[in-house]
$ cat target_38.pdb   # PDB, C-alpha atoms
ATOM      1  CA  MET K   1     136.025  91.520  86.933
ATOM      2  CA  PRO K   2     138.264  93.983  88.804
ATOM      3  CA  SER K   3     138.755  92.829  92.395
ATOM      4  CA  MET K   4     138.758  96.432  93.607
ATOM      5  CA  SER K   5     135.251  96.945  92.181
ATOM      6  CA  LEU K   6     134.023  93.760  93.826
ATOM      7  CA  GLU K   7     135.480  94.782  97.189
ATOM      8  CA  ALA K   8     133.893  98.237  96.916
ATOM      9  CA  ILE K   9     130.490  96.758  96.071
ATOM     10  CA  VAL K  10     130.715  94.337  98.996
ATOM     11  CA  SER K  11     131.601  97.221 101.310
ATOM     12  CA  MET K  12     128.539  99.182 100.183
ATOM     13  CA  LEU K  13     126.402  96.057 100.444
ATOM     14  CA  ASP K  14     127.622  95.741 104.004
ATOM     15  CA  ASP K  15     126.041  99.110 104.870
ATOM     16  CA  ALA K  16     122.884  98.651 102.783
ATOM     17  CA  GLN K  17     119.502  97.802 104.225
ATOM     18  CA  GLN K  18     117.452  97.812 101.003
ATOM     19  CA  VAL K  19     118.842  95.806  98.064
ATOM     20  CA  VAL K  20     117.177  95.462  94.655
ATOM     21  CA  VAL K  21     118.109  93.098  91.828
ATOM     22  CA  PHE K  22     116.465  94.095  88.545
ATOM     23  CA  SER K  23     116.646  91.325  85.934
ATOM     24  CA  GLY K  24     115.860  90.959  82.246
ATOM     25  CA  ALA K  25     115.732  88.334  79.535
ATOM     26  CA  GLY K  26     119.505  87.958  79.332
ATOM     27  CA  LEU K  27     119.505  86.256  82.720
ATOM     28  CA  SER K  28     117.187  83.460  81.528
ATOM     29  CA  ALA K  29     118.977  83.043  78.189
ATOM     30  CA  ASP K  30     121.463  80.720  79.923
ATOM     31  CA  SER K  31     118.502  78.490  80.812
ATOM     32  CA  GLY K  32     117.704  78.166  77.110
ATOM     33  CA  ILE K  33     114.821  80.640  77.028
ATOM     34  CA  PRO K  34     115.069  82.559  73.725
ATOM     35  CA  THR K  35     115.157  86.342  73.914
ATOM     36  CA  PHE K  36     113.181  88.449  71.490
ATOM     37  CA  ARG K  37     115.812  91.186  71.234
ATOM     38  CA  ASP K  38     118.707  88.847  70.427
ATOM     39  CA  GLY K  39     117.254  88.048  67.034
ATOM     40  CA  ALA K  40     114.864  85.541  65.529
ATOM     41  CA  THR K  41     115.928  82.379  67.326
ATOM     42  CA  GLY K  42     114.006  79.440  68.699
ATOM     43  CA  LEU K  43     110.348  80.232  69.221
ATOM     44  CA  TRP K  44     110.785  83.717  67.759
ATOM     45  CA  ASN K  45     111.982  82.325  64.419
ATOM     46  CA  ASN K  46     109.623  83.041  61.506
ATOM     47  CA  VAL K  47     106.890  84.611  63.618
ATOM     48  CA  ASP K  48     105.526  88.134  63.755
ATOM     49  CA  PRO K  49     105.554  89.297  67.418
ATOM     50  CA  ASP K  50     102.478  91.387  66.711
ATOM     51  CA  GLU K  51     100.594  88.239  65.742
ATOM     52  CA  VAL K  52     101.687  85.923  68.571
ATOM     53  CA  ALA K  53     102.549  88.116  71.564
ATOM     54  CA  SER K  54     100.568  91.364  71.350
ATOM     55  CA  ILE K  55      97.192  92.333  72.733
ATOM     56  CA  ASP K  56      96.022  93.269  69.223
ATOM     57  CA  GLY K  57      97.060  89.825  68.020
ATOM     58  CA  PHE K  58      95.141  88.208  70.867
ATOM     59  CA  LEU K  59      91.996  90.180  70.068
ATOM     60  CA  ARG K  60      92.278  89.210  66.388
ATOM     61  CA  ASN K  61      93.105  85.553  66.920
ATOM     62  CA  PRO K  62      93.047  84.428  70.570
ATOM     63  CA  ARG K  63      93.725  80.800  69.716
ATOM     64  CA  ARG K  64      96.917  81.560  67.786
ATOM     65  CA  VAL K  65      98.352  83.655  70.623
ATOM     66  CA  TRP K  66      97.303  81.046  73.198
ATOM     67  CA  ASN K  67      98.959  78.221  71.259
ATOM     68  CA  TRP K  68     102.212  80.128  70.763
ATOM     69  CA  LEU K  69     102.430  81.169  74.415
ATOM     70  CA  LEU K  70     101.624  77.590  75.418
ATOM     71  CA  GLN K  71     104.714  76.494  73.471
ATOM     72  CA  LEU K  72     106.710  79.054  75.450
ATOM     73  CA  LYS K  73     105.235  77.799  78.732
ATOM     74  CA  ASN K  74     106.115  74.216  77.849
ATOM     75  CA  LEU K  75     109.694  75.304  77.118
ATOM     76  CA  VAL K  76     109.904  77.186  80.425
ATOM     77  CA  ASP K  77     108.544  74.133  82.273
ATOM     78  CA  ASP K  78     111.109  71.922  80.542
ATOM     79  CA  ARG K  79     114.060  74.102  81.530
ATOM     80  CA  ARG K  80     115.215  75.245  84.946
ATOM     81  CA  PRO K  81     116.812  78.178  86.766
ATOM     82  CA  ASN K  82     120.475  78.587  85.903
ATOM     83  CA  ALA K  83     123.526  79.408  88.006
ATOM     84  CA  GLY K  84     122.739  83.128  87.813
ATOM     85  CA  HIS K  85     119.286  82.638  89.357
ATOM     86  CA  GLN K  86     120.767  80.367  91.996
ATOM     87  CA  ALA K  87     123.463  82.890  92.909
ATOM     88  CA  ILE K  88     120.903  85.708  93.268
ATOM     89  CA  ALA K  89     118.834  83.481  95.572
ATOM     90  CA  ARG K  90     122.007  82.690  97.492
ATOM     91  CA  LEU K  91     122.645  86.410  97.933
ATOM     92  CA  GLU K  92     119.193  86.865  99.477
ATOM     93  CA  ALA K  93     119.855  84.003 101.883
ATOM     94  CA  ILE K  94     123.211  85.458 102.903
ATOM     95  CA  CYS K  95     121.693  88.916 103.394
ATOM     96  CA  ALA K  96     118.936  87.645 105.683
ATOM     97  CA  ALA K  97     119.210  90.769 107.848
ATOM     98  CA  LYS K  98     118.457  92.980 104.857
ATOM     99  CA  GLN K  99     115.461  93.458 102.575
ATOM    100  CA  VAL K 100     116.388  91.936  99.205
ATOM    101  CA  THR K 101     113.820  92.397  96.425
ATOM    102  CA  VAL K 102     114.002  90.967  92.924
ATOM    103  CA  ILE K 103     112.199  92.994  90.261
ATOM    104  CA  THR K 104     112.063  91.052  87.022
ATOM    105  CA  GLN K 105     110.866  91.626  83.491
ATOM    106  CA  ASN K 106     110.912  87.867  82.947
ATOM    107  CA  ILE K 107     107.744  85.778  82.965
ATOM    108  CA  ASP K 108     109.328  82.374  83.607
ATOM    109  CA  GLY K 109     109.117  82.281  87.408
ATOM    110  CA  TYR K 110     112.728  81.123  87.737
ATOM    111  CA  HIS K 111     113.638  83.525  90.544
ATOM    112  CA  ALA K 112     111.019  82.017  92.835
ATOM    113  CA  ARG K 113     111.957  78.488  91.758
ATOM    114  CA  ALA K 114     115.587  79.260  92.612
ATOM    115  CA  GLY K 115     114.592  80.376  96.112
ATOM    116  CA  ASN K 116     114.061  84.143  96.111
ATOM    117  CA  GLU K 117     111.155  85.068  98.401
ATOM    118  CA  HIS K 118     110.473  88.688  97.443
ATOM    119  CA  VAL K 119     109.898  88.808  93.670
ATOM    120  CA  LEU K 120     107.945  91.411  91.703
ATOM    121  CA  GLU K 121     107.104  90.194  88.171
ATOM    122  CA  VAL K 122     106.351  93.468  86.383
ATOM    123  CA  HIS K 123     105.480  91.693  83.118
ATOM    124  CA  GLY K 124     103.374  88.986  84.746
ATOM    125  CA  THR K 125     103.844  85.223  84.587
ATOM    126  CA  ILE K 126     103.503  82.465  82.018
ATOM    127  CA  HIS K 127     102.260  80.082  84.722
ATOM    128  CA  HIS K 128      98.819  81.568  85.350
ATOM    129  CA  VAL K 129      95.747  82.598  83.385
ATOM    130  CA  ARG K 130      93.100  85.181  84.178
ATOM    131  CA  CYS K 131      89.880  86.655  82.852
ATOM    132  CA  HIS K 132      90.568  89.131  80.056
ATOM    133  CA  ARG K 133      87.951  91.485  81.553
ATOM    134  CA  ARG K 134      89.618  91.223  84.984
ATOM    135  CA  CYS K 135      86.424  90.079  86.692
ATOM    136  CA  GLY K 136      88.549  88.407  89.358
ATOM    137  CA  PHE K 137      88.951  84.899  87.942
ATOM    138  CA  ALA K 138      92.527  83.567  87.938
ATOM    139  CA  ASP K 139      93.984  80.072  87.879
ATOM    140  CA  SER K 140      97.105  78.070  87.134
ATOM    141  CA  TRP K 141      97.645  77.430  83.426
ATOM    142  CA  ASP K 142      96.855  73.770  82.846
ATOM    143  CA  HIS K 143      98.873  72.606  79.829
ATOM    144  CA  ARG K 144      95.924  70.413  78.847
ATOM    145  CA  ALA K 145      93.930  73.558  77.993
ATOM    146  CA  GLU K 146      95.002  73.906  74.379
ATOM    147  CA  GLU K 147      92.874  76.911  73.495
ATOM    148  CA  PRO K 148      91.207  79.892  75.192
ATOM    149  CA  TYR K 149      88.062  79.066  77.100
ATOM    150  CA  PRO K 150      85.276  81.203  78.540
ATOM    151  CA  CYS K 151      85.778  82.633  81.993
ATOM    152  CA  PRO K 152      83.652  80.507  84.361
ATOM    153  CA  ALA K 153      82.606  83.679  86.196
ATOM    154  CA  CYS K 154      81.657  86.074  83.394
ATOM    155  CA  GLY K 155      82.138  84.325  80.036
ATOM    156  CA  ALA K 156      84.930  86.582  78.730
ATOM    157  CA  PRO K 157      87.996  84.900  77.203
ATOM    158  CA  VAL K 158      90.542  83.479  79.622
ATOM    159  CA  ARG K 159      94.088  84.514  78.730
ATOM    160  CA  PRO K 160      97.668  84.140  79.998
ATOM    161  CA  ASP K 161      98.351  86.419  82.974
ATOM    162  CA  LEU K 162     101.206  88.319  81.407
ATOM    163  CA  VAL K 163     101.740  91.714  79.814
ATOM    164  CA  MET K 164     101.545  91.449  76.031
ATOM    165  CA  PHE K 165     103.057  93.942  73.626
ATOM    166  CA  GLY K 166     100.819  96.997  73.521
ATOM    167  CA  GLU K 167      99.493  96.600  77.075
ATOM    168  CA  ALA K 168     100.153  98.695  80.162
ATOM    169  CA  LEU K 169     101.839  97.114  83.163
ATOM    170  CA  GLU K 170      99.817  96.058  86.174
ATOM    171  CA  GLU K 171      99.608  99.277  88.192
ATOM    172  CA  GLU K 172      99.831  97.720  91.644
ATOM    173  CA  VAL K 173     102.889  95.618  90.811
ATOM    174  CA  PHE K 174     104.708  98.453  89.086
ATOM    175  CA  ALA K 175     103.931 100.828  91.973
ATOM    176  CA  ALA K 176     105.518  98.308  94.351
ATOM    177  CA  ALA K 177     108.556  98.052  92.051
ATOM    178  CA  GLU K 178     108.867 101.833  92.002
ATOM    179  CA  ALA K 179     108.628 102.006  95.800
ATOM    180  CA  ARG K 180     111.349  99.393  96.235
ATOM    181  CA  SER K 181     113.548 101.110  93.655
ATOM    182  CA  VAL K 182     113.453 104.560  95.229
ATOM    183  CA  SER K 183     114.145 103.113  98.684
ATOM    184  CA  ALA K 184     117.078 100.979  97.505
ATOM    185  CA  ASP K 185     120.558 101.549  98.887
ATOM    186  CA  ILE K 186     122.106  99.424  96.154
ATOM    187  CA  PHE K 187     120.413  98.533  92.858
ATOM    188  CA  PHE K 188     121.737  95.782  90.576
ATOM    189  CA  CYS K 189     120.718  95.654  86.881
ATOM    190  CA  VAL K 190     121.251  92.176  85.458
ATOM    191  CA  GLY K 191     120.792  90.863  81.928
ATOM    192  CA  THR K 192     118.517  93.634  80.701
ATOM    193  CA  SER K 193     118.871  95.691  77.535
ATOM    194  CA  LEU K 194     117.116  98.604  79.276
ATOM    195  CA  THR K 195     115.055  99.399  76.196
ATOM    196  CA  VAL K 196     111.570  98.384  77.382
ATOM    197  CA  GLN K 197     109.387 101.126  78.835
ATOM    198  CA  PRO K 198     108.366 101.843  81.499
ATOM    199  CA  ALA K 199     110.522  99.348  83.427
ATOM    200  CA  VAL K 200     113.667 101.030  82.110
ATOM    201  CA  ARG K 201     112.880 103.982  84.392
ATOM    202  CA  LEU K 202     113.377 101.982  87.583
ATOM    203  CA  PRO K 203     117.198 102.084  87.746
ATOM    204  CA  MET K 204     117.249 105.810  87.017
ATOM    205  CA  TRP K 205     114.652 106.455  89.711
ATOM    206  CA  ALA K 206     116.804 104.427  92.099
ATOM    207  CA  LYS K 207     119.941 106.380  91.251
ATOM    208  CA  SER K 208     118.130 109.717  91.522
ATOM    209  CA  ALA K 209     116.984 108.695  95.008
ATOM    210  CA  GLY K 210     120.568 107.952  96.071
ATOM    211  CA  ALA K 211     121.101 104.268  95.320
ATOM    212  CA  VAL K 212     124.431 102.893  94.160
ATOM    213  CA  LEU K 213     123.734 101.595  90.650
ATOM    214  CA  VAL K 214     125.565  98.422  89.588
ATOM    215  CA  GLU K 215     125.156  97.136  86.043
ATOM    216  CA  VAL K 216     126.012  93.479  85.379
ATOM    217  CA  ASN K 217     126.023  92.722  81.665
ATOM    218  CA  PRO K 218     128.554  91.225  79.232
ATOM    219  CA  HIS K 219     127.799  94.088  76.821
ATOM    220  CA  PRO K 220     127.379  97.864  77.188
ATOM    221  CA  THR K 221     123.821  99.152  77.544
ATOM    222  CA  PRO K 222     122.232 102.606  77.626
ATOM    223  CA  LEU K 223     122.735 102.506  81.400
ATOM    224  CA  SER K 224     126.500 101.993  81.236
ATOM    225  CA  PRO K 225     127.527 105.676  81.148
ATOM    226  CA  THR K 226     125.516 106.515  84.275
ATOM    227  CA  ALA K 227     126.033 103.358  86.346
ATOM    228  CA  ASP K 228     128.310 103.701  89.354
ATOM    229  CA  TYR K 229     129.775 100.313  88.484
ATOM    230  CA  SER K 230     129.440  98.703  85.062
ATOM    231  CA  ILE K 231     130.618  95.103  85.345
ATOM    232  CA  ARG K 232     131.284  93.243  82.093
ATOM    233  CA  SER K 233     130.302  89.798  83.313
ATOM    234  CA  GLY K 234     127.561  87.234  83.223
ATOM    235  CA  ALA K 235     125.218  87.036  86.199
ATOM    236  CA  SER K 236     126.415  83.635  87.414
ATOM    237  CA  GLN K 237     130.070  84.672  87.461
ATOM    238  CA  PHE K 238     129.449  88.025  89.145
ATOM    239  CA  PHE K 239     126.961  86.948  91.805
ATOM    240  CA  ALA K 240     128.923  83.789  92.636
ATOM    241  CA  ALA K 241     132.005  85.967  93.186
ATOM    242  CA  LEU K 242     129.974  88.502  95.160
ATOM    243  CA  CYS K 243     128.479  85.811  97.397
ATOM    244  CA  GLY K 244     131.886  84.242  97.940
ATOM    245  CA  GLU K 245     133.337  87.587  98.995
ATOM    246  CA  VAL K 246     130.375  88.323 101.278
ATOM    247  CA  GLU K 247     130.619  84.909 102.929
ATOM    248  CA  SER K 248     134.308  85.422 103.545
ATOM    249  CA  ARG K 249     133.555  88.592 105.538
ATOM    250  CA  PRO K 250     130.048  88.372 107.047
ATOM    251  CA  LEU K 251     127.837  91.382 106.511
ATOM    252  CA  GLN K 252     126.659  93.651 109.269
ATOM    253  CA  THR K 253     123.485  92.330 110.863
ATOM    254  CA  GLY K 254     121.675  95.615 111.138
ATOM    255  CA  LYS K 255     117.958  95.654 111.698
ATOM    256  CA  ARG K 256     116.062  94.490 108.636
ATOM    257  CA  ASP K 257     113.254  96.605 107.214
ATOM    258  CA  ASP K 258     110.369  94.143 107.218
ATOM    259  CA  ARG K 259     107.841  96.411 105.578
ATOM    260  CA  ALA K 260     105.607  94.363 103.291
ATOM    261  CA  ILE K 261     105.937  94.762  99.570
ATOM    262  CA  ALA K 262     103.015  96.985  98.753
TER     263      ALA K 262
END

$ encode --input "target_38.pdb" --output "structure tokens"
Amino acid sequence: MPSMSLEAIVSMLDDAQQVVVFSGAGLSADSGIPTFRDGATGLWNNVDPDEVASIDGFLRNPRRVWNWLLQLKNLVDDRRPNAGHQAIARLEAICAAKQVTVITQNIDGYHARAGNEHVLEVHGTIHHVRCHRRCGFADSWDHRAEEPYPCPACGAPVRPDLVMFGEALEEEVFAAAEARSVSADIFFCVGTSLTVQPAVRLPMWAKSAGAVLVEVNPHPTPLSPTADYSIRSGASQFFAALCGEVESRPLQTGKRDDRAIA
């Protein structure tokens, strides 16, 4: 990556108080988690997404969707955060005087496992289940539960606590993501194709509100023409270099905005 771009980004990071990292499936691909949009590989091979990962599919055949998502959960549990996740967590630790928020489309929980404290999972998580009617019941997903079971509170089906195809995002979580985006001073987009609505709006809302928009992706995306910096790099390479540069010239220790993620 051009050293001048890296130096400029570090300089702007130095002045920033609100930092957002927005991540997509490409970040977890290096952990061995197959991505739907990269073609029919791994778990996505020879399956119809509408049958195994959509809300309509769940309503038609809850057990089939449960079993397929359980395979995905077992894969996620078997793998681990990669160097990109670790470098993003390292950035948060270095920028302790700033508010660093990760907004992710991924459901694997790897950002938290890597050490990030402020993570908004706009598509939910593979690690928990909840009542389909939203009566209030929620629990960890026990891998021994091999099929949907009745909610112990109301009897409705229990389902994975993630956003399936055809469902709206959780309003409270997305509202928090929007609030963090529009208050960001610098907004990083990492490993996302920027084709999934409505999350794709977040970087544009950030830029419209005055944030410096930095795209980190080995390939061009729809965001590339409007990003302030479009870095053709993997996440691990870029954030490791960014952290190294930051550590070589400590950031300003301005007062951190400790407002809670709402």

$ resolve_selection --input "target_38.pdb" --expression "the PyMOL selection byres ((chain K and resi 165) around 10)" --output "tab-separated table (two decimals) with C-alpha atoms, in the coordinates of the input"
chain	number	residue	atom	x	y	z
K	49	PRO	CA	105.55	89.30	67.42
K	50	ASP	CA	102.48	91.39	66.71
K	52	VAL	CA	101.69	85.92	68.57
K	53	ALA	CA	102.55	88.12	71.56
K	54	SER	CA	100.57	91.36	71.35
K	55	ILE	CA	97.19	92.33	72.73
K	56	ASP	CA	96.02	93.27	69.22
K	57	GLY	CA	97.06	89.82	68.02
K	162	LEU	CA	101.21	88.32	81.41
K	163	VAL	CA	101.74	91.71	79.81
K	164	MET	CA	101.54	91.45	76.03
K	166	GLY	CA	100.82	97.00	73.52
K	167	GLU	CA	99.49	96.60	77.08
K	168	ALA	CA	100.15	98.70	80.16

$ residues_around --input "target_38.pdb" --residues "Gly191 in chain K" --least-positions-apart "4" --cutoff "6 Å" --atoms "all atoms listed in the file" --output "list of chain:residue names"
K:Ser23, K:Gly24, K:Gly26, K:Leu27, K:Asn217

$ residues_around --input "target_38.pdb" --residues "range 59-63 of chain K" --least-positions-apart "2" --cutoff "10 Å" --atoms "only C-alpha atoms" --output "PyMOL selection string"
chain K and resi 51-52+54-57+65-69+146-149+157-159

$ axis_aligned_box --input "target_38.pdb" --around "range 88-103 of chain K" --padding-each-side "4 Å" --output "JSON"
{"center_x": 117.7, "center_y": 88.1, "center_z": 99.1, "size_x": 19.0, "size_y": 18.8, "size_z": 25.6}

$ residues_around --input "target_38.pdb" --residues "range 75-80 of chain K" --least-positions-apart "3" --cutoff "12 Å" --atoms "all atoms listed in the file" --output "PDB file with C-alpha atoms, keeping the file's coordinate frame"
ATOM      1  CA  SER K  28     117.187  83.460  81.528  1.00  0.00           C
ATOM      2  CA  ALA K  29     118.977  83.043  78.189  1.00  0.00           C
ATOM      3  CA  ASP K  30     121.463  80.720  79.923  1.00  0.00           C
ATOM      4  CA  SER K  31     118.502  78.490  80.812  1.00  0.00           C
ATOM      5  CA  GLY K  32     117.704  78.166  77.110  1.00  0.00           C
ATOM      6  CA  ILE K  33     114.821  80.640  77.028  1.00  0.00           C
ATOM      7  CA  PRO K  34     115.069  82.559  73.725  1.00  0.00           C
ATOM      8  CA  GLY K  42     114.006  79.440  68.699  1.00  0.00           C
ATOM      9  CA  LEU K  43     110.348  80.232  69.221  1.00  0.00           C
ATOM     10  CA  TRP K  68     102.212  80.128  70.763  1.00  0.00           C
ATOM     11  CA  LEU K  69     102.430  81.169  74.415  1.00  0.00           C
ATOM     12  CA  LEU K  70     101.624  77.590  75.418  1.00  0.00           C
ATOM     13  CA  GLN K  71     104.714  76.494  73.471  1.00  0.00           C
ATOM     14  CA  LEU K  72     106.710  79.054  75.450  1.00  0.00           C
ATOM     15  CA  ALA K  83     123.526  79.408  88.006  1.00  0.00           C
ATOM     16  CA  GLY K  84     122.739  83.128  87.813  1.00  0.00           C
ATOM     17  CA  HIS K  85     119.286  82.638  89.357  1.00  0.00           C
ATOM     18  CA  GLN K  86     120.767  80.367  91.996  1.00  0.00           C
ATOM     19  CA  ASN K 106     110.912  87.867  82.947  1.00  0.00           C
ATOM     20  CA  ILE K 107     107.744  85.778  82.965  1.00  0.00           C
ATOM     21  CA  ASP K 108     109.328  82.374  83.607  1.00  0.00           C
ATOM     22  CA  GLY K 109     109.117  82.281  87.408  1.00  0.00           C
ATOM     23  CA  TYR K 110     112.728  81.123  87.737  1.00  0.00           C
ATOM     24  CA  HIS K 111     113.638  83.525  90.544  1.00  0.00           C
ATOM     25  CA  ALA K 112     111.019  82.017  92.835  1.00  0.00           C
ATOM     26  CA  ARG K 113     111.957  78.488  91.758  1.00  0.00           C
ATOM     27  CA  ALA K 114     115.587  79.260  92.612  1.00  0.00           C
ATOM     28  CA  THR K 125     103.844  85.223  84.587  1.00  0.00           C
ATOM     29  CA  ILE K 126     103.503  82.465  82.018  1.00  0.00           C
ATOM     30  CA  HIS K 127     102.260  80.082  84.722  1.00  0.00           C
ATOM     31  CA  TRP K 141      97.645  77.430  83.426  1.00  0.00           C
ATOM     32  CA  ASP K 142      96.855  73.770  82.846  1.00  0.00           C
ATOM     33  CA  HIS K 143      98.873  72.606  79.829  1.00  0.00           C
TER      34      HIS K 143
END

$ residues_near_point --input "target_38.pdb" --point "(127.2, 96.1, 91.5)" --cutoff "9 Å" --atoms "all atoms listed in the file" --output "PDB file with C-alpha atoms, in the frame of the given file"
ATOM      1  CA  SER K   5     135.251  96.945  92.181  1.00  0.00           C
ATOM      2  CA  LEU K   6     134.023  93.760  93.826  1.00  0.00           C
ATOM      3  CA  ALA K   8     133.893  98.237  96.916  1.00  0.00           C
ATOM      4  CA  ILE K   9     130.490  96.758  96.071  1.00  0.00           C
ATOM      5  CA  VAL K  10     130.715  94.337  98.996  1.00  0.00           C
ATOM      6  CA  LEU K  13     126.402  96.057 100.444  1.00  0.00           C
ATOM      7  CA  ILE K 186     122.106  99.424  96.154  1.00  0.00           C
ATOM      8  CA  PHE K 187     120.413  98.533  92.858  1.00  0.00           C
ATOM      9  CA  PHE K 188     121.737  95.782  90.576  1.00  0.00           C
ATOM     10  CA  CYS K 189     120.718  95.654  86.881  1.00  0.00           C
ATOM     11  CA  VAL K 212     124.431 102.893  94.160  1.00  0.00           C
ATOM     12  CA  LEU K 213     123.734 101.595  90.650  1.00  0.00           C
ATOM     13  CA  VAL K 214     125.565  98.422  89.588  1.00  0.00           C
ATOM     14  CA  GLU K 215     125.156  97.136  86.043  1.00  0.00           C
ATOM     15  CA  VAL K 216     126.012  93.479  85.379  1.00  0.00           C
ATOM     16  CA  ALA K 227     126.033 103.358  86.346  1.00  0.00           C
ATOM     17  CA  ASP K 228     128.310 103.701  89.354  1.00  0.00           C
ATOM     18  CA  TYR K 229     129.775 100.313  88.484  1.00  0.00           C
ATOM     19  CA  SER K 230     129.440  98.703  85.062  1.00  0.00           C
ATOM     20  CA  ILE K 231     130.618  95.103  85.345  1.00  0.00           C
ATOM     21  CA  PHE K 238     129.449  88.025  89.145  1.00  0.00           C
ATOM     22  CA  LEU K 242     129.974  88.502  95.160  1.00  0.00           C
TER      23      LEU K 242
END

$ resolve_selection --input "target_38.pdb" --expression "the PyMOL selection byres ((chain K and resi 87-98) around 10)" --output "PyMOL selection string"
chain K and resi 13-19+21+82-86+99-102+111-118+235-244+246-247+250-258

$ residues_around --input "target_38.pdb" --residues "Ile103 in chain K" --least-positions-apart "2" --cutoff "8 Å" --atoms "all atoms listed in the file" --output "VMD selection string"
chain K and resid 20 to 23 101 105 119 to 122 177

$ resolve_selection --input "target_38.pdb" --expression "the PyMOL selection byres ((chain K and resi 131) around 9)" --output "PyMOL selection string"
chain K and resi 129-130+132-138+150-161

$ residues_near_point --input "target_38.pdb" --point "(120.6, 101.4, 72.8)" --cutoff "12 Å" --atoms "only C-alpha atoms" --output "ChimeraX atom specification"
/K:37,192-196,200,219-225

$ atom_distance --input "target_38.pdb" --atom1 "CA of Ser208 in chain K" --atom2 "CA of Glu178 in chain K"
12.2 Å

$ atom_distance --input "target_38.pdb" --atom1 "CA of Ser233 in chain K" --atom2 "CA of Pro218 in chain K"
4.7 Å

$ atom_distance --input "target_38.pdb" --atom1 "CA of Gly210 in chain K" --atom2 "CA of Ala184 in chain K"
7.9 Å

$ residues_around --input "target_38.pdb" --residues "Ala209 in chain K" --least-positions-apart "4" --cutoff "8 Å" --atoms "only C-alpha atoms" --output "number ranges by chain"
K: 182-183, 205
